[in-house]
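Remarks on the structure that follows.
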Amino acid sequence: MSLSQVTFTYEKFSPESLPQEWSALVSAAKDAAEHAYSPYSRFSVGAAVLTDGGHVEIGSNQENAAYPSGLCAERVAVFHANAKHSAEAVTKLVIVAKSGGVFTDSPITPCGSCRQVLCETEQRFGAKMQILMYGSRECYLVESASCLLPLSFGSESLGGK
Ligand code: THU
């Protein structure tokens, strides 16, 4: 028997101290949250991505009376970018959330299904995706989606080796 350990590092920022390179994406994600369709949870999530071709695309959560048919903001944003710019890697993602009409003070982190999609997006393009999780009090930054899903299942797993 042997033990293995997986650790990852993430940075914490106050919104005021975020590097300038994030400001346009944070604004785009905040705007996107205004277009959420979330009558069931009353929790509005906005996401914005940057591609390596310089395109910014957005997403927001889209709910449905048949609850599992809805989709999270992160997947709407990534699929939106991939559908428009299928040859461009997604290199940055910002996530914001609004509850009770105000942005959450702590960041929200992507759900498990979104982590799965974000990891495959990295693998598909062979490029890391930095993820900024925004809160009005503090923000978290990870350097790669894969940090959020250790021992993930991916296309290589289907090879059966
Ligand atoms: N949601 C997202 O859009 N992203 C997340 O990271 C977490 C949750 C959505 C799904 C659902 O519409 C609502 O927030 C409440 O779970």
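Just remember, in the structure tokens the first chain shown is A, the second B, etc., residues are 1-based per chain, and ligands are 1-based in the order shown.
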Residues of chain A within 6 Å of ligand 1: nearest atom pair and distance (Å, one decimal) for each, counting only C-alpha atoms and all ligand atoms, sorted by chain and number, as CSV?
residue,atom,partner,partner_atom_place_in_ligand_line,distance
A:Ser38,CA,ligand 1,12 (O),5.7
A:Ser41,CA,ligand 1,15 (C),5.2
A:Phe43,CA,ligand 1,13 (C),5.3
A:Val45,CA,ligand 1,3 (O),4.9
A:Asn61,CA,ligand 1,3 (O),4.3
A:Glu63,CA,ligand 1,12 (O),5.2
A:Cys72,CA,ligand 1,3 (O),3.2
A:Ala73,CA,ligand 1,3 (O),4.0
A:Thr109,CA,ligand 1,6 (O),5.2
A:Pro110,CA,ligand 1,6 (O),3.6
A:Cys111,CA,ligand 1,6 (O),5.0
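Residues surrounding His35 in chain A within 10 Å are Lys30, Asp31, Ala32, Ser38, Ser44, Val45, Gly46, Gly59, Ser60, Asn61 and Gln62 of chain A [only C-alpha atoms; sequence separation below 3 positions excluded].
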Restricted to N, CA and C atoms, what would the selected residues look like written as a compact mmCIF listing (two decimals), in the first residue's frame?
# COMPACT_ATOMS: atom_id res chain seq x y z
N LYS A 30 -20.66 40.02 -14.86
CA LYS A 30 -21.70 40.71 -14.08
C LYS A 30 -22.90 41.06 -14.96
N ASP A 31 -22.62 41.56 -16.16
CA ASP A 31 -23.72 41.86 -17.09
C ASP A 31 -24.49 40.60 -17.43
N ALA A 32 -23.74 39.51 -17.65
CA ALA A 32 -24.37 38.25 -18.04
C ALA A 32 -25.35 37.76 -16.98
N SER A 38 -33.64 32.27 -14.00
CA SER A 38 -33.54 31.46 -12.78
C SER A 38 -34.76 31.65 -11.88
N SER A 44 -28.89 33.91 -9.58
CA SER A 44 -28.44 34.25 -10.94
C SER A 44 -26.94 34.15 -11.03
N VAL A 45 -26.48 33.38 -12.00
CA VAL A 45 -25.03 33.20 -12.18
C VAL A 45 -24.65 33.76 -13.54
N GLY A 46 -23.52 34.44 -13.57
CA GLY A 46 -22.99 34.98 -14.83
C GLY A 46 -21.59 34.44 -15.03
N GLY A 59 -22.17 33.66 -20.62
CA GLY A 59 -23.25 32.71 -20.37
C GLY A 59 -23.91 33.05 -19.05
N SER A 60 -25.12 32.56 -18.88
CA SER A 60 -25.81 32.70 -17.59
C SER A 60 -26.62 31.43 -17.38
N ASN A 61 -27.02 31.19 -16.12
CA ASN A 61 -27.75 29.94 -15.89
C ASN A 61 -29.15 30.03 -16.50
N GLN A 62 -29.55 28.93 -17.11
CA GLN A 62 -30.83 28.84 -17.82
C GLN A 62 -31.59 27.67 -17.24
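The shell of residues at most 10 Å from Leu141 in chain A, with only C-alpha atoms counted and near chain neighbours (fewer than 5 positions) removed, consists of Thr9, Tyr10, Glu11, Lys12, Phe13, Leu18, Leu93, Val94, Gln130, Ile131, Leu132, Met133 and Tyr134 of chain A.
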Selection file, N, CA and C atoms, as a PDB file, in the first residue's frame:
ATOM      1  N   THR A   9      -2.955  24.923  -5.319  1.00  0.00           N
ATOM      2  CA  THR A   9      -2.812  26.259  -4.749  1.00  0.00           C
ATOM      3  C   THR A   9      -3.797  27.184  -5.446  1.00  0.00           C
ATOM      4  N   TYR A  10      -4.439  28.043  -4.671  1.00  0.00           N
ATOM      5  CA  TYR A  10      -5.232  29.085  -5.323  1.00  0.00           C
ATOM      6  C   TYR A  10      -4.944  30.413  -4.662  1.00  0.00           C
ATOM      7  N   GLU A  11      -5.095  31.456  -5.450  1.00  0.00           N
ATOM      8  CA  GLU A  11      -4.822  32.797  -4.944  1.00  0.00           C
ATOM      9  C   GLU A  11      -6.121  33.429  -4.475  1.00  0.00           C
ATOM     10  N   LYS A  12      -6.013  34.260  -3.461  1.00  0.00           N
ATOM     11  CA  LYS A  12      -7.167  35.025  -2.988  1.00  0.00           C
ATOM     12  C   LYS A  12      -6.883  36.500  -3.215  1.00  0.00           C
ATOM     13  N   PHE A  13      -7.867  37.198  -3.727  1.00  0.00           N
ATOM     14  CA  PHE A  13      -7.752  38.630  -3.974  1.00  0.00           C
ATOM     15  C   PHE A  13      -8.974  39.336  -3.411  1.00  0.00           C
ATOM     16  N   LEU A  18      -7.687  42.960  -7.805  1.00  0.00           N
ATOM     17  CA  LEU A  18      -7.580  42.037  -8.948  1.00  0.00           C
ATOM     18  C   LEU A  18      -6.698  42.637 -10.030  1.00  0.00           C
ATOM     19  N   LEU A  93     -11.790  32.160 -17.516  1.00  0.00           N
ATOM     20  CA  LEU A  93     -13.221  32.073 -17.178  1.00  0.00           C
ATOM     21  C   LEU A  93     -13.443  32.858 -15.890  1.00  0.00           C
ATOM     22  N   VAL A  94     -14.483  33.688 -15.884  1.00  0.00           N
ATOM     23  CA  VAL A  94     -14.888  34.388 -14.655  1.00  0.00           C
ATOM     24  C   VAL A  94     -16.306  33.948 -14.305  1.00  0.00           C
ATOM     25  N   GLN A 130      -7.464  29.519 -16.827  1.00  0.00           N
ATOM     26  CA  GLN A 130      -7.482  30.159 -15.514  1.00  0.00           C
ATOM     27  C   GLN A 130      -8.935  30.448 -15.144  1.00  0.00           C
ATOM     28  N   ILE A 131      -9.275  30.221 -13.898  1.00  0.00           N
ATOM     29  CA  ILE A 131     -10.669  30.435 -13.470  1.00  0.00           C
ATOM     30  C   ILE A 131     -10.688  31.414 -12.297  1.00  0.00           C
ATOM     31  N   LEU A 132     -11.390  32.518 -12.494  1.00  0.00           N
ATOM     32  CA  LEU A 132     -11.559  33.508 -11.429  1.00  0.00           C
ATOM     33  C   LEU A 132     -12.975  33.393 -10.893  1.00  0.00           C
ATOM     34  N   MET A 133     -13.078  33.073  -9.610  1.00  0.00           N
ATOM     35  CA  MET A 133     -14.376  32.978  -8.942  1.00  0.00           C
ATOM     36  C   MET A 133     -14.541  34.262  -8.134  1.00  0.00           C
ATOM     37  N   TYR A 134     -15.513  35.057  -8.551  1.00  0.00           N
ATOM     38  CA  TYR A 134     -15.634  36.423  -8.014  1.00  0.00           C
ATOM     39  C   TYR A 134     -16.607  36.492  -6.841  1.00  0.00           C
TER      40      TYR A 134
END
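Counting only C-alpha atoms, the residue from A:Gly53, A:Pro15, A:Gly126, A:Gly70 that sits nearest to Pro39 in chain A is A:Gly70.
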Query raised in the report: Pick the closest to His55 in chain A from A:Val90, A:Leu151, A:Leu71, A:Ala83: which is it, counting only C-alpha atoms?
Result: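 Residue with the minimum atom-to-atom distance to His55 in chain A: A:Val90.
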**Report entry** Non-local contacts of Val56 in chain A (12 Å; only C-alpha atoms; under 2 positions in same chain excluded) as number ranges by chain
**Finding:** A: 22, 24-29, 32, 47-54, 58-59, 77-78, 80-82, 84-85, 88-94
Report task. Would you mind reading off the distance between CA of Ser157 in chain A and CA of Phe8 in chain A, one decimal, in Å? Result ->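 Computing it gives 22.4 Å between the two atoms.
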Query raised in the report: Out of chain A, which residues get strand (DSSP E) from DSSP, as an MDAnalysis selection string?
Result: chainID A and resid 11:13 43:51 56:60 90:99 102:103 130:133 139:142
**Report entry** Distance in Å - CA of Phe153 in chain A versus CA of Tyr140 in chain A
**Finding:**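 Separation between CA of Phe153 in chain A and CA of Tyr140 in chain A: 24.5 Å.
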**Report entry** Secondary structure check, alpha helix (DSSP H) residues of chain A, as an NGL selection string
**Finding:** :A and (23-33 or 73-84 or 112-125)
Would you export the selected residues with N, CA and C atoms as a short mmCIF file (atom, residue, chain, number, x, y, z; two decimals), in the first residue's frame, please?
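Result went into result_39.cif, see below:
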data_model
loop_
_atom_site.label_atom_id
_atom_site.label_comp_id
_atom_site.auth_asym_id
_atom_site.auth_seq_id
_atom_site.Cartn_x
_atom_site.Cartn_y
_atom_site.Cartn_z
N SER A 23 -10.48 42.79 -15.45
CA SER A 23 -11.60 43.71 -15.23
C SER A 23 -12.68 43.63 -16.31
N ALA A 24 -12.29 43.49 -17.59
CA ALA A 24 -13.30 43.44 -18.65
C ALA A 24 -14.14 42.16 -18.53
N LEU A 25 -13.47 41.06 -18.16
CA LEU A 25 -14.21 39.80 -18.03
C LEU A 25 -15.14 39.82 -16.83
N VAL A 26 -14.70 40.45 -15.74
CA VAL A 26 -15.58 40.55 -14.55
C VAL A 26 -16.82 41.37 -14.92
N SER A 27 -16.63 42.47 -15.63
CA SER A 27 -17.78 43.29 -16.05
C SER A 27 -18.72 42.49 -16.95
N ALA A 28 -18.13 41.73 -17.88
CA ALA A 28 -18.96 40.94 -18.80
C ALA A 28 -19.75 39.88 -18.04
N ALA A 29 -19.12 39.25 -17.05
CA ALA A 29 -19.82 38.22 -16.26
C ALA A 29 -20.93 38.85 -15.42
N LYS A 30 -20.66 40.02 -14.86
CA LYS A 30 -21.70 40.71 -14.08
C LYS A 30 -22.90 41.06 -14.96
N ASP A 31 -22.62 41.56 -16.16
CA ASP A 31 -23.72 41.86 -17.09
C ASP A 31 -24.49 40.60 -17.43
N ALA A 32 -23.74 39.51 -17.65
CA ALA A 32 -24.37 38.25 -18.04
C ALA A 32 -25.35 37.76 -16.98
N ALA A 33 -25.00 37.97 -15.71
CA ALA A 33 -25.87 37.52 -14.61
C ALA A 33 -27.25 38.17 -14.70
N ALA A 73 -24.32 28.51 -15.78
CA ALA A 73 -23.73 29.62 -16.53
C ALA A 73 -22.38 29.24 -17.16
N GLU A 74 -21.56 28.47 -16.43
CA GLU A 74 -20.22 28.15 -16.92
C GLU A 74 -20.29 27.34 -18.21
N ARG A 75 -21.20 26.33 -18.20
CA ARG A 75 -21.29 25.50 -19.41
C ARG A 75 -21.92 26.27 -20.55
N VAL A 76 -22.89 27.13 -20.25
CA VAL A 76 -23.47 27.95 -21.33
C VAL A 76 -22.36 28.81 -21.95
N ALA A 77 -21.51 29.40 -21.13
CA ALA A 77 -20.45 30.29 -21.65
C ALA A 77 -19.42 29.51 -22.46
N VAL A 78 -18.97 28.38 -21.93
CA VAL A 78 -17.93 27.61 -22.64
C VAL A 78 -18.49 27.02 -23.94
N PHE A 79 -19.69 26.48 -23.89
CA PHE A 79 -20.28 25.92 -25.12
C PHE A 79 -20.56 27.03 -26.13
N HIS A 80 -20.96 28.16 -25.65
CA HIS A 80 -21.21 29.33 -26.51
C HIS A 80 -19.91 29.70 -27.25
N ALA A 81 -18.82 29.77 -26.48
CA ALA A 81 -17.52 30.13 -27.10
C ALA A 81 -17.07 29.04 -28.08
N ASN A 82 -17.22 27.78 -27.68
CA ASN A 82 -16.78 26.68 -28.55
C ASN A 82 -17.63 26.60 -29.81
N ALA A 83 -18.91 26.95 -29.67
CA ALA A 83 -19.80 26.90 -30.84
C ALA A 83 -19.46 28.01 -31.83
N LYS A 84 -18.99 29.14 -31.31
CA LYS A 84 -18.66 30.26 -32.21
C LYS A 84 -17.24 30.23 -32.71
N GLY A 112 -19.88 20.03 -10.03
CA GLY A 112 -19.12 18.89 -10.54
C GLY A 112 -19.27 18.69 -12.04
N SER A 113 -20.49 18.84 -12.56
CA SER A 113 -20.68 18.65 -14.00
C SER A 113 -19.93 19.70 -14.79
N CYS A 114 -19.94 20.92 -14.30
CA CYS A 114 -19.17 21.98 -15.00
C CYS A 114 -17.68 21.69 -14.93
N ARG A 115 -17.19 21.21 -13.79
CA ARG A 115 -15.76 20.90 -13.68
C ARG A 115 -15.38 19.87 -14.73
N GLN A 116 -16.23 18.89 -14.94
CA GLN A 116 -15.97 17.85 -15.94
C GLN A 116 -15.84 18.47 -17.34
N VAL A 117 -16.75 19.38 -17.66
CA VAL A 117 -16.72 20.03 -18.98
C VAL A 117 -15.52 20.96 -19.10
N LEU A 118 -15.21 21.68 -18.04
CA LEU A 118 -14.07 22.60 -18.08
C LEU A 118 -12.77 21.83 -18.29
N CYS A 119 -12.65 20.68 -17.63
CA CYS A 119 -11.43 19.86 -17.79
C CYS A 119 -11.30 19.35 -19.21
N GLU A 120 -12.41 18.89 -19.79
CA GLU A 120 -12.29 18.39 -21.17
C GLU A 120 -12.00 19.52 -22.14
N THR A 121 -12.48 20.71 -21.84
CA THR A 121 -12.18 21.86 -22.71
C THR A 121 -10.68 22.13 -22.68
N GLU A 122 -10.07 22.03 -21.51
CA GLU A 122 -8.61 22.20 -21.44
C GLU A 122 -7.89 21.13 -22.25
N GLN A 123 -8.34 19.88 -22.08
CA GLN A 123 -7.68 18.78 -22.79
C GLN A 123 -7.86 18.92 -24.29
N ARG A 124 -9.05 19.31 -24.69
CA ARG A 124 -9.37 19.43 -26.12
C ARG A 124 -8.40 20.38 -26.82
N PHE A 125 -8.09 21.49 -26.17
CA PHE A 125 -7.25 22.50 -26.81
C PHE A 125 -5.80 22.46 -26.34
#
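With only C-alpha atoms as the atoms that count, the minimum distance from Ile108 in chain A to the choices A:Ala127, A:Cys139, A:Met1, A:Ala87 is reached by A:Cys139.
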Query raised in the report: Can you list, as an MDAnalysis selection string, every protein, DNA or RNA residue that comes within 10 Å of Thr104 in chain A when you count only C-alpha atoms, leaving out same-chain residues fewer than 3 positions away?
Result: chainID A and resid 43 96:101 107:108 134:138
Keeping only all heavy atoms, write those residues as an mmCIF file, in the first residue's frame.
data_model
loop_
_atom_site.group_PDB
_atom_site.id
_atom_site.type_symbol
_atom_site.label_atom_id
_atom_site.label_comp_id
_atom_site.auth_asym_id
_atom_site.auth_seq_id
_atom_site.Cartn_x
_atom_site.Cartn_y
_atom_site.Cartn_z
ATOM 1 N N PHE A 43 -31.404 32.362 -8.082
ATOM 2 C CA PHE A 43 -29.953 32.504 -7.919
ATOM 3 C C PHE A 43 -29.402 32.719 -9.327
ATOM 4 O O PHE A 43 -29.509 31.833 -10.171
ATOM 5 C CB PHE A 43 -29.399 31.223 -7.287
ATOM 6 C CG PHE A 43 -27.980 31.288 -6.833
ATOM 7 C CD1 PHE A 43 -27.622 32.018 -5.700
ATOM 8 C CD2 PHE A 43 -26.980 30.606 -7.520
ATOM 9 C CE1 PHE A 43 -26.308 32.056 -5.270
ATOM 10 C CE2 PHE A 43 -25.664 30.642 -7.097
ATOM 11 C CZ PHE A 43 -25.336 31.371 -5.957
ATOM 12 N N VAL A 96 -19.526 34.788 -11.570
ATOM 13 C CA VAL A 96 -20.105 35.637 -10.522
ATOM 14 C C VAL A 96 -21.500 35.103 -10.205
ATOM 15 O O VAL A 96 -22.096 34.406 -11.035
ATOM 16 C CB VAL A 96 -20.223 37.124 -10.958
ATOM 17 C CG1 VAL A 96 -18.907 37.661 -11.488
ATOM 18 C CG2 VAL A 96 -21.327 37.315 -11.992
ATOM 19 N N ALA A 97 -22.033 35.443 -9.048
ATOM 20 C CA ALA A 97 -23.394 35.007 -8.709
ATOM 21 C C ALA A 97 -24.120 36.102 -7.940
ATOM 22 O O ALA A 97 -23.495 36.874 -7.182
ATOM 23 C CB ALA A 97 -23.342 33.732 -7.858
ATOM 24 N N LYS A 98 -25.410 36.164 -8.168
ATOM 25 C CA LYS A 98 -26.250 37.171 -7.515
ATOM 26 C C LYS A 98 -27.382 36.477 -6.769
ATOM 27 O O LYS A 98 -28.079 35.624 -7.341
ATOM 28 C CB LYS A 98 -26.861 38.070 -8.591
ATOM 29 C CG LYS A 98 -26.574 39.522 -8.395
ATOM 30 C CD LYS A 98 -27.111 40.354 -9.515
ATOM 31 C CE LYS A 98 -27.040 41.807 -9.078
ATOM 32 N NZ LYS A 98 -27.509 42.710 -10.117
ATOM 33 N N SER A 99 -27.529 36.835 -5.520
ATOM 34 C CA SER A 99 -28.592 36.269 -4.699
ATOM 35 C C SER A 99 -29.274 37.422 -3.972
ATOM 36 O O SER A 99 -28.576 38.292 -3.436
ATOM 37 C CB SER A 99 -27.966 35.288 -3.693
ATOM 38 O OG SER A 99 -28.947 34.710 -2.896
ATOM 39 N N GLY A 100 -30.597 37.448 -4.001
ATOM 40 C CA GLY A 100 -31.300 38.558 -3.349
ATOM 41 C C GLY A 100 -30.954 39.898 -3.970
ATOM 42 O O GLY A 100 -30.959 40.922 -3.278
ATOM 43 N N GLY A 101 -30.593 39.876 -5.236
ATOM 44 C CA GLY A 101 -30.322 41.135 -5.957
ATOM 45 C C GLY A 101 -28.922 41.688 -5.776
ATOM 46 O O GLY A 101 -28.599 42.733 -6.343
ATOM 47 N N PRO A 107 -17.076 33.907 -3.205
ATOM 48 C CA PRO A 107 -17.218 33.381 -4.556
ATOM 49 C C PRO A 107 -18.009 32.088 -4.571
ATOM 50 O O PRO A 107 -18.038 31.372 -3.573
ATOM 51 C CB PRO A 107 -15.775 33.104 -4.993
ATOM 52 C CG PRO A 107 -14.909 33.333 -3.835
ATOM 53 C CD PRO A 107 -15.703 33.842 -2.690
ATOM 54 N N ILE A 108 -18.644 31.786 -5.712
ATOM 55 C CA ILE A 108 -19.165 30.433 -5.884
ATOM 56 C C ILE A 108 -18.181 29.677 -6.775
ATOM 57 O O ILE A 108 -17.458 30.270 -7.578
ATOM 58 C CB ILE A 108 -20.595 30.377 -6.460
ATOM 59 C CG1 ILE A 108 -20.678 30.913 -7.883
ATOM 60 C CG2 ILE A 108 -21.570 31.071 -5.537
ATOM 61 C CD1 ILE A 108 -21.827 30.336 -8.662
ATOM 62 N N TYR A 134 -15.513 35.057 -8.551
ATOM 63 C CA TYR A 134 -15.634 36.423 -8.014
ATOM 64 C C TYR A 134 -16.607 36.492 -6.841
ATOM 65 O O TYR A 134 -17.712 35.950 -6.904
ATOM 66 C CB TYR A 134 -16.134 37.353 -9.128
ATOM 67 C CG TYR A 134 -16.431 38.756 -8.675
ATOM 68 C CD1 TYR A 134 -15.460 39.749 -8.736
ATOM 69 C CD2 TYR A 134 -17.689 39.080 -8.160
ATOM 70 C CE1 TYR A 134 -15.738 41.033 -8.300
ATOM 71 C CE2 TYR A 134 -17.973 40.368 -7.715
ATOM 72 C CZ TYR A 134 -16.985 41.335 -7.795
ATOM 73 O OH TYR A 134 -17.260 42.601 -7.352
ATOM 74 N N GLY A 135 -16.198 37.176 -5.792
ATOM 75 C CA GLY A 135 -17.104 37.556 -4.716
ATOM 76 C C GLY A 135 -16.862 39.017 -4.410
ATOM 77 O O GLY A 135 -15.752 39.517 -4.633
ATOM 78 N N SER A 136 -17.872 39.705 -3.888
ATOM 79 C CA SER A 136 -17.693 41.155 -3.673
ATOM 80 C C SER A 136 -16.757 41.435 -2.489
ATOM 81 O O SER A 136 -16.255 42.541 -2.334
ATOM 82 C CB SER A 136 -19.038 41.838 -3.477
ATOM 83 O OG SER A 136 -19.711 41.265 -2.387
ATOM 84 N N ARG A 137 -16.491 40.395 -1.651
ATOM 85 C CA ARG A 137 -15.535 40.562 -0.556
ATOM 86 C C ARG A 137 -14.191 39.947 -0.904
ATOM 87 O O ARG A 137 -13.135 40.526 -0.647
ATOM 88 C CB ARG A 137 -16.088 39.930 0.729
ATOM 89 C CG ARG A 137 -15.231 40.124 1.964
ATOM 90 C CD ARG A 137 -15.936 39.621 3.233
ATOM 91 N NE ARG A 137 -16.645 38.363 3.053
ATOM 92 C CZ ARG A 137 -16.073 37.160 3.095
ATOM 93 N NH1 ARG A 137 -14.787 37.042 3.312
ATOM 94 N NH2 ARG A 137 -16.805 36.069 2.911
ATOM 95 N N GLU A 138 -14.232 38.739 -1.511
ATOM 96 C CA GLU A 138 -12.981 38.112 -1.936
ATOM 97 C C GLU A 138 -13.201 37.256 -3.169
ATOM 98 O O GLU A 138 -14.314 36.827 -3.460
ATOM 99 C CB GLU A 138 -12.326 37.299 -0.812
ATOM 100 C CG GLU A 138 -13.077 36.081 -0.400
ATOM 101 C CD GLU A 138 -12.290 35.240 0.618
ATOM 102 O OE1 GLU A 138 -11.105 35.511 0.886
ATOM 103 O OE2 GLU A 138 -12.893 34.286 1.130
#
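We find CA of Val6 in chain A and CA of Pro150 in chain A to be spaced 7.2 Å apart.
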